[in-house]
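Have a look at structure26.cif below; it lists mmCIF, C-alpha atoms and all ligand atoms.
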```
data_work
#
loop_
_atom_site.label_atom_id
_atom_site.label_comp_id
_atom_site.auth_asym_id
_atom_site.auth_seq_id
_atom_site.Cartn_x
_atom_site.Cartn_y
_atom_site.Cartn_z
CA MET A 23 37.38 -6.57 -2.03
CA LEU A 24 35.09 -8.19 0.52
CA LYS A 25 32.22 -6.75 2.55
CA GLN A 26 34.22 -7.50 5.70
CA ASP A 27 37.07 -5.25 4.51
CA ILE A 28 34.67 -2.33 4.19
CA VAL A 29 33.12 -3.02 7.60
CA ASN A 30 36.59 -3.12 9.19
CA LYS A 31 37.57 0.07 7.39
CA ILE A 32 34.51 1.93 8.72
CA LEU A 33 34.16 0.39 12.18
CA GLY A 34 37.57 -0.94 13.14
CA LEU A 35 38.15 -4.44 14.46
CA LYS A 36 36.78 -4.23 17.99
CA TYR A 37 33.59 -2.92 19.54
CA ASP A 38 31.15 -3.99 22.24
CA VAL A 39 27.42 -4.20 22.63
CA VAL A 40 26.37 -1.09 24.48
CA ASN A 41 22.58 -1.45 24.45
CA ASN A 42 20.81 -4.78 25.00
CA GLN A 43 17.67 -4.02 23.05
CA VAL A 44 17.10 -1.38 20.40
CA SER A 45 14.57 -0.53 17.74
CA ALA A 46 14.93 1.31 14.43
CA PHE A 47 12.71 2.37 11.54
CA ALA A 48 13.70 2.99 7.92
CA PRO A 49 11.37 4.18 5.16
CA VAL A 50 10.65 2.50 1.86
CA ASN A 51 12.17 4.37 -1.05
CA ILE A 52 10.78 4.56 -4.57
CA ALA A 53 13.36 5.08 -7.31
CA LEU A 54 12.51 7.88 -9.75
CA CYS A 55 15.70 7.12 -11.66
CA LYS A 56 16.45 3.43 -11.20
CA TYR A 57 19.49 1.55 -9.96
CA TRP A 58 19.88 -1.19 -12.55
CA GLY A 59 23.24 -2.93 -12.92
CA LYS A 60 26.25 -3.38 -10.64
CA ARG A 61 29.88 -2.49 -11.19
CA ASP A 62 30.73 -4.70 -8.19
CA ASP A 63 28.25 -7.38 -7.20
CA ILE A 64 29.83 -8.16 -3.83
CA LEU A 65 29.77 -4.60 -2.50
CA ASN A 66 26.55 -3.72 -4.37
CA LEU A 67 28.23 -0.87 -6.24
CA PRO A 68 26.01 0.46 -9.03
CA VAL A 69 26.89 1.25 -12.63
CA THR A 70 25.06 4.60 -12.43
CA ASP A 71 23.77 7.18 -9.97
CA SER A 72 20.09 6.88 -8.97
CA LEU A 73 17.52 9.10 -7.31
CA SER A 74 14.63 8.15 -5.04
CA VAL A 75 11.94 9.48 -2.80
CA SER A 76 11.25 7.90 0.59
CA LEU A 77 7.77 7.35 1.98
CA ALA A 78 7.98 8.66 5.52
CA ASN A 79 5.10 6.55 6.85
CA LEU A 80 5.80 3.22 5.14
CA GLY A 81 8.80 1.09 5.89
CA THR A 82 10.41 -1.46 8.16
CA THR A 83 10.66 -1.46 11.93
CA THR A 84 13.36 -3.70 13.38
CA GLU A 85 13.90 -4.64 16.98
CA LEU A 86 17.32 -6.07 17.77
CA SER A 87 18.42 -7.68 21.02
CA VAL A 88 21.24 -9.93 22.18
CA ASN A 89 20.94 -13.39 23.72
CA ASN A 90 23.35 -16.19 24.70
CA GLU A 91 21.64 -19.11 22.97
CA THR A 92 20.91 -18.90 19.28
CA ASP A 93 20.14 -16.48 16.46
CA GLN A 94 16.43 -15.94 15.96
CA VAL A 95 14.68 -14.07 13.17
CA TYR A 96 11.02 -13.04 13.16
CA LEU A 97 9.13 -11.44 10.30
CA ASP A 98 5.75 -9.89 11.03
CA ASN A 99 5.56 -11.85 14.34
CA LYS A 100 6.32 -15.23 12.72
CA ARG A 101 9.53 -17.11 13.57
CA ILE A 102 11.52 -17.70 10.39
CA VAL A 103 13.02 -21.16 9.99
CA GLU A 104 16.80 -21.44 10.10
CA ASN A 105 18.57 -21.61 6.75
CA SER A 106 15.66 -20.20 4.77
CA ASP A 107 16.68 -17.44 2.32
CA PHE A 108 15.28 -14.72 4.56
CA PHE A 109 16.99 -16.08 7.69
CA ASN A 110 20.33 -16.45 5.88
CA GLY A 111 20.06 -12.97 4.37
CA VAL A 112 19.65 -11.40 7.80
CA ILE A 113 22.18 -13.57 9.63
CA ASN A 114 24.88 -13.39 6.94
CA TYR A 115 24.61 -9.63 7.20
CA ILE A 116 24.78 -9.67 11.01
CA ASP A 117 27.84 -11.96 10.80
CA LEU A 118 29.74 -9.04 9.26
CA PHE A 119 29.45 -7.32 12.64
CA ARG A 120 29.67 -10.25 15.08
CA ARG A 121 33.00 -9.91 16.84
CA ASP A 122 32.21 -12.40 19.63
CA PRO A 123 31.07 -15.83 18.30
CA LYS A 124 29.21 -16.45 21.60
CA LEU A 125 27.02 -13.46 20.98
CA HIS A 126 23.62 -14.24 19.43
CA PHE A 127 20.91 -11.95 18.19
CA THR A 128 17.15 -11.84 18.10
CA VAL A 129 15.90 -9.86 15.13
CA LYS A 130 12.21 -8.95 15.00
CA THR A 131 11.15 -7.14 11.90
CA TRP A 132 7.81 -5.75 10.71
CA ASN A 133 7.18 -4.55 7.18
CA ASP A 134 4.44 -2.09 6.29
CA ILE A 135 4.59 -3.45 2.74
CA PRO A 136 4.63 -6.94 1.19
CA THR A 137 8.05 -8.55 1.46
CA LYS A 138 9.92 -9.08 -1.81
CA ALA A 139 7.04 -7.99 -4.04
CA GLY A 140 8.89 -5.22 -5.82
CA LEU A 141 7.89 -2.74 -3.14
CA ALA A 142 11.44 -2.20 -1.94
CA SER A 143 11.19 -4.08 1.37
CA SER A 144 14.86 -5.15 1.17
CA ALA A 145 15.85 -1.48 1.05
CA SER A 146 13.95 -0.46 4.17
CA GLY A 147 14.74 -3.83 5.79
CA PHE A 148 18.52 -3.65 5.53
CA CYS A 149 18.57 0.05 6.31
CA ALA A 150 16.51 -0.52 9.49
CA LEU A 151 18.82 -3.39 10.47
CA ALA A 152 21.94 -1.27 9.84
CA SER A 153 20.40 1.51 11.86
CA ALA A 154 19.51 -0.86 14.73
CA LEU A 155 23.09 -2.23 14.77
CA ASN A 156 24.39 1.34 14.80
CA THR A 157 22.43 1.97 18.01
CA LEU A 158 23.12 -1.43 19.58
CA PHE A 159 26.87 -0.95 19.23
CA SER A 160 26.77 2.85 19.64
CA TRP A 161 28.81 3.41 16.47
CA ASP A 162 27.33 6.86 16.02
CA LEU A 163 27.68 6.69 12.22
CA ASP A 164 26.90 9.73 10.08
CA ASP A 165 24.49 9.39 7.09
CA HIS A 166 27.35 8.76 4.66
CA LYS A 167 28.77 5.80 6.58
CA LEU A 168 25.37 4.41 7.56
CA SER A 169 24.40 4.45 3.88
CA ILE A 170 27.54 2.45 2.95
CA ILE A 171 26.91 -0.08 5.72
CA ALA A 172 23.23 -0.43 4.63
CA ARG A 173 24.33 -0.87 0.97
CA LEU A 174 26.30 -3.99 1.92
CA GLY A 175 22.92 -5.60 2.76
CA SER A 176 21.10 -4.43 -0.36
CA GLY A 177 22.04 -1.77 -2.91
CA SER A 178 18.85 0.26 -2.68
CA ALA A 179 19.10 0.29 1.15
CA SER A 180 21.74 2.99 0.69
CA ARG A 181 18.86 5.36 -0.21
CA SER A 182 16.56 4.52 2.74
CA ILE A 183 18.69 6.50 5.22
CA ALA A 184 16.46 9.59 5.07
CA ASN A 185 12.98 10.87 4.27
CA GLY A 186 12.37 12.90 1.12
CA PHE A 187 14.59 12.81 -1.95
CA VAL A 188 17.87 10.90 -1.82
CA TYR A 189 20.63 10.84 -4.46
CA TRP A 190 22.78 7.71 -4.55
CA HIS A 191 26.20 8.54 -5.99
CA ALA A 192 27.55 5.56 -7.93
CA GLY A 193 31.12 6.58 -7.07
CA LYS A 194 34.27 5.43 -8.83
CA GLU A 195 36.43 4.00 -6.04
CA GLN A 196 37.01 0.26 -5.92
CA ASP A 197 36.16 0.15 -2.20
CA GLY A 198 32.93 2.11 -2.80
CA MET A 199 33.63 4.66 -0.07
CA ASP A 200 32.32 7.27 -2.52
CA SER A 201 29.12 5.28 -3.26
CA TYR A 202 26.45 6.44 -0.82
CA GLY A 203 23.01 8.03 -0.58
CA GLU A 204 22.91 11.76 -0.04
CA PRO A 205 19.67 13.32 1.26
CA LEU A 206 18.59 16.27 -0.94
CA SER A 207 16.98 19.36 0.57
CA TYR A 208 14.10 19.73 -1.94
CA VAL A 209 10.66 19.69 -0.35
CA TRP A 210 7.46 19.12 -2.35
CA PRO A 211 4.48 19.15 0.02
CA GLU A 212 1.95 18.49 -2.78
CA LEU A 213 3.64 15.33 -4.01
CA MET A 214 1.77 12.03 -3.64
CA ILE A 215 2.69 8.42 -4.33
CA GLY A 216 -0.12 5.88 -4.77
CA ILE A 217 0.54 2.17 -4.50
CA ILE A 218 -1.43 -0.30 -6.60
CA THR A 219 -0.66 -3.83 -5.45
CA VAL A 220 -1.29 -6.08 -8.44
CA SER A 221 0.29 -9.05 -6.68
CA SER A 222 2.13 -9.54 -3.40
CA ASP A 223 3.63 -12.90 -4.39
CA SER A 224 7.42 -13.22 -4.14
CA LYS A 225 9.10 -12.60 -7.44
CA ALA A 226 10.40 -15.57 -9.43
CA ILE A 227 13.67 -13.88 -10.32
CA SER A 228 15.59 -11.67 -7.87
CA SER A 229 16.70 -8.14 -8.80
CA ARG A 230 20.28 -9.34 -8.37
CA GLU A 231 19.87 -12.09 -10.99
CA ALA A 232 17.86 -9.86 -13.32
CA MET A 233 20.48 -7.09 -13.13
CA ALA A 234 23.29 -9.55 -13.84
CA CYS A 235 21.46 -11.02 -16.85
CA THR A 236 20.61 -7.55 -18.23
CA THR A 237 24.10 -6.11 -17.91
CA LYS A 238 25.62 -9.21 -19.52
CA THR A 239 23.20 -9.82 -22.39
CA SER A 240 21.12 -6.74 -23.27
CA THR A 241 22.35 -4.63 -26.19
CA LEU A 242 19.98 -1.86 -25.12
CA TYR A 243 21.72 -1.73 -21.72
CA GLN A 244 24.75 -0.11 -23.41
CA GLN A 245 22.61 3.05 -23.72
CA TRP A 246 21.44 2.93 -20.09
CA PRO A 247 24.24 4.96 -18.40
CA LYS A 248 23.83 7.77 -20.93
CA ARG A 249 20.08 7.96 -20.48
CA VAL A 250 20.41 7.91 -16.69
CA SER A 251 22.58 11.06 -16.85
CA VAL A 252 19.91 12.86 -18.87
CA ASP A 253 17.05 11.59 -16.66
CA ILE A 254 18.81 12.66 -13.45
CA GLU A 255 19.47 16.10 -14.88
CA ASN A 256 15.78 16.45 -15.77
CA LEU A 257 14.62 15.15 -12.39
CA LEU A 258 16.81 17.67 -10.56
CA LYS A 259 15.49 20.43 -12.84
CA SER A 260 11.91 19.34 -12.12
CA LEU A 261 12.54 19.30 -8.35
CA LYS A 262 13.84 22.87 -8.40
CA ARG A 263 10.64 24.09 -10.10
CA ARG A 264 8.22 21.48 -8.68
CA ASN A 265 7.36 20.73 -12.30
CA ILE A 266 5.09 17.65 -12.06
CA ALA A 267 4.98 17.11 -15.85
CA LEU A 268 8.75 16.93 -16.25
CA PHE A 269 9.10 14.99 -12.98
CA GLY A 270 6.42 12.40 -13.78
CA GLU A 271 7.32 11.98 -17.45
CA THR A 272 10.99 11.47 -16.60
CA ALA A 273 10.34 8.95 -13.82
CA GLU A 274 7.84 6.99 -15.92
CA SER A 275 10.05 6.91 -18.97
CA ASN A 276 13.09 5.88 -16.88
CA ALA A 277 11.15 2.95 -15.43
CA LEU A 278 9.96 1.86 -18.89
CA GLY A 279 13.54 2.19 -20.17
CA MET A 280 14.76 -0.11 -17.39
CA HIS A 281 12.09 -2.70 -18.21
CA ALA A 282 12.98 -2.41 -21.91
CA THR A 283 16.57 -3.44 -21.11
CA MET A 284 15.15 -6.47 -19.27
CA LEU A 285 12.96 -7.45 -22.22
CA ASP A 286 16.06 -7.16 -24.39
CA SER A 287 17.97 -9.61 -22.13
CA LYS A 288 18.62 -13.16 -23.21
CA PRO A 289 16.50 -14.80 -21.91
CA SER A 290 13.93 -11.99 -21.64
CA ILE A 291 12.83 -10.91 -18.20
CA LEU A 292 9.31 -9.59 -17.70
CA TYR A 293 7.98 -8.75 -14.24
CA TRP A 294 4.62 -7.42 -15.43
CA LEU A 295 1.28 -9.21 -15.20
CA PRO A 296 -1.64 -8.53 -17.56
CA GLU A 297 -3.17 -6.22 -14.90
CA THR A 298 0.05 -4.20 -14.83
CA VAL A 299 -0.39 -3.37 -18.52
CA GLU A 300 -4.10 -2.63 -18.04
CA TYR A 301 -3.25 -0.13 -15.30
CA MET A 302 -0.57 1.49 -17.47
CA LYS A 303 -3.09 1.99 -20.28
CA LYS A 304 -5.65 3.37 -17.85
CA ILE A 305 -3.12 5.89 -16.52
CA TRP A 306 -2.22 7.00 -20.06
CA LYS A 307 -5.91 7.43 -20.88
CA ILE A 308 -6.44 9.62 -17.81
CA ARG A 309 -3.33 11.61 -18.70
CA HIS A 310 -4.62 12.25 -22.21
CA LYS A 311 -7.49 14.12 -20.55
CA GLY A 312 -4.94 16.58 -19.15
CA ILE A 313 -4.45 15.10 -15.67
CA HIS A 314 -0.89 14.98 -14.35
CA LEU A 315 -0.86 11.31 -13.42
CA TYR A 316 2.26 9.22 -13.98
CA PHE A 317 3.65 5.90 -12.79
CA THR A 318 6.79 4.00 -12.01
CA ILE A 319 7.34 0.23 -11.73
CA ASP A 320 10.21 -1.59 -10.00
CA ALA A 321 11.29 -5.22 -10.24
CA GLY A 322 7.77 -6.57 -9.84
CA PRO A 323 4.26 -6.22 -11.25
CA ASN A 324 3.08 -3.44 -8.91
CA ILE A 325 2.46 0.16 -9.91
CA LYS A 326 3.33 3.33 -8.05
CA LEU A 327 1.33 6.36 -9.11
CA ILE A 328 2.91 9.81 -9.10
CA TYR A 329 0.64 12.86 -8.82
CA GLU A 330 -0.13 15.95 -6.73
CA LYS A 331 -2.61 16.39 -3.89
CA THR A 332 -4.98 18.45 -6.04
CA ASP A 333 -5.75 15.25 -7.98
CA GLU A 334 -6.16 12.97 -4.94
CA LYS A 335 -9.97 12.82 -5.24
CA LEU A 336 -9.85 12.00 -8.93
CA VAL A 337 -7.17 9.35 -8.43
CA ARG A 338 -9.22 7.70 -5.65
CA GLU A 339 -12.29 7.62 -7.92
CA HIS A 340 -10.34 5.88 -10.68
CA PHE A 341 -8.35 3.57 -8.41
CA PRO A 342 -10.53 2.71 -5.41
CA GLY A 343 -8.64 0.95 -2.64
CA ILE A 344 -5.18 2.24 -3.49
CA GLU A 345 -2.81 3.12 -0.71
CA SER A 346 -1.87 6.77 -1.17
CA GLU A 347 0.97 8.43 0.66
CA GLU A 348 1.89 12.06 1.18
CA VAL A 349 5.64 12.07 0.59
CA PHE A 350 6.13 14.96 3.01
CA GLY A 351 3.11 14.18 5.20
C1 LIG A 401 15.79 0.63 -7.61
N1 LIG A 401 15.56 -1.84 -7.83
O1 LIG A 401 16.48 1.59 -7.97
C2 LIG A 401 15.80 -0.59 -8.52
C3 LIG A 401 14.72 -0.50 -9.55
C4 LIG A 401 14.56 -2.62 -8.48
C5 LIG A 401 14.17 -1.89 -9.69
O2 LIG A 401 17.13 -1.48 -6.32
O3 LIG A 401 21.03 -6.88 -5.26
O4 LIG A 401 17.13 -5.26 -3.91
O5 LIG A 401 20.23 -6.00 -3.06
O6 LIG A 401 21.57 -4.54 -4.56
O7 LIG A 401 18.53 -3.15 -4.00
C6 LIG A 401 16.14 -3.56 -6.22
O8 LIG A 401 17.42 -4.08 -6.05
O9 LIG A 401 19.27 -5.22 -5.22
C7 LIG A 401 16.30 -2.23 -6.79
P1 LIG A 401 20.59 -5.69 -4.48
P2 LIG A 401 18.07 -4.40 -4.65
O10 LIG A 401 15.06 0.68 -6.60
#
```

As structure tokens, how would this structure be written, given the file I've shared?
Amino acid sequence: MLKQDIVNKILGLKYDVVNNQVSAFAPVNIALCKYWGKRDDILNLPVTDSLSVSLANLGTTTELSVNNETDQVYLDNKRIVENSDFFNGVINYIDLFRRDPKLHFTVKTWNDIPTKAGLASSASGFCALASALNTLFSWDLDDHKLSIIARLGSGSASRSIANGFVYWHAGKEQDGMDSYGEPLSYVWPELMIGIITVSSDSKAISSREAMACTTKTSTLYQQWPKRVSVDIENLLKSLKRRNIALFGETAESNALGMHATMLDSKPSILYWLPETVEYMKKIWKIRHKGIHLYFTIDAGPNIKLIYEKTDEKLVREHFPGIESEEVFG
């Protein structure tokens, strides 16, 4: 099945531009139980469910307008050259929705976080773009359909549709109509995420390639779906009781489990830098003193701290210069 089939199924074959210029924002989301491995790599359908938390104040803002000349893409106020990876990523996605070949688009996008540095900018980026298209064409999509449309850009974009906790159902259907992000109603006002940027360089190997290599070659990966079920159960339990120990331990261990499957790939994939490991050890040392400080790491070398507001002062003392975010701020 092709992306275009899903777009036609959701939107029909004909629609017109209703607004000439629109703007949309989508938050970054941090996976607490990771999406790692696809059951369909065209539609970005995952092997397992995943669960994330969005950072309400960090994300991507995208301005979309129509013009009659040529497609233009800007990132953080800089014009992106045609046929670069970024340009093609945006325009190939927009092509799924271009009914009139004479219609051209200007896409201006601003990220609050480094692009492609394992800080989930593709998630907020494609979700903001999907959301801007939704307004431009007045599709009036509900969360479920918007999540599916965003997923066609990037898998994790399916979870950037809302603030707070979002559960991405892997689904079983071949067309993926049952694979979407569902906002959860749990609120945890004390919860904090701290971002330690070890490096903002682009990663050498994309998540897509790394996932494909892991699912094909890692023996450990065979255990991954089973462990995800247990981790999700524990995360949901921890959310009900706002149990930071269970929450943090589960998220941290899930992230390390994901990286273990990558190390077990042939060839091995390792996103960490020496500083990443130093920070991990430092966090464990602080935790041994009884502080509820945990971390998660995505497909990059950067660290996201997980803790509660009561420990904000202590965290700032140990990690000066980190960017800390109130999840429900
Ligand atoms: C996640 N990551 O759950 C996992 C954890 C990275 C590590 O989703 O190929 O950019 O576009 O579906 O969404 C990053 O993968 O991959 C990701 P595609 P995506 O957040």

| field | Site check for ligand LIG 401 (chain A): residues at most 10 Å away, all atoms listed in the file, as a ChimeraX atom specification | value | /A:50-60,62-68,71-74,138,140-146,148,172-181,190,228-234,276-277,280-281,318-322

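Residue nearest Leu35 of chain A within the list A:Arg120, A:Gly193, A:Gly111, A:Asn90: A:Arg120 [criterion: smallest interatomic distance, only C-alpha atoms].
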
| task | Mind checking which residues fall within 8 Å of Ala78 of chain A, counting all atoms listed in the file, ignoring those fewer than 3 positions away in the same chain, and posting them as a PyMOL selection string? | result | chain A and resi 49-50+81+185-186+349-351

| task | Tell me, in Å to one decimal, how far atom CA of Glu347 of chain A is from atom CA of Tyr96 of chain A. | result | 26.8 Å

| task | Tell me, as a ChimeraX atom specification, which residues lie within 12 Å of Asp98 of chain A, counting all atoms listed in the file; anything in the same chain fewer than 4 positions away does not count. | result | /A:82-85,102,129-137

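You will find atom CA of Gly343 of chain A at 8.3 Å from atom CA of Ile218 of chain A.
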
| field | Residue neighbourhood Leu257 of chain A, 12 Å, all atoms listed in the file, exclusion window fewer than 6 positions, as a ChimeraX atom specification | value | /A:53-56,72-75,187-189,208,250-251,263-276

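The interatomic distance for the pair atom CA of Leu327 of chain A and atom CA of Lys303 of chain A works out to 12.8 Å.
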
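Distances here use only C-alpha atoms; by that measure, the residue among A:Gly279, A:Gly198, A:Pro323, A:Gly216 closest to Arg249 of chain A is A:Gly279.
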
| task | Pick out the residues sitting within 12 Å of Glu334 of chain A, and hand them over as a VMD selection string; count all atoms listed in the file, and ignore anything fewer than 6 positions along from it in its own chain. | result | chain A and resid 212 to 216 313 to 315 327 to 328 340 to 342 344 to 348

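Shortest separation to Val44 of chain A among A:Met23, A:Tyr202, A:Asn256, A:Ala154 occurs at residue A:Ala154, atoms counted being only C-alpha atoms.
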
| request: Counting only C-alpha atoms, figure out which residue out of A:Ser260, A:Ser169, A:Phe127, A:Met302 gets nearest to Val209 of chain A. | output: A:Ser260
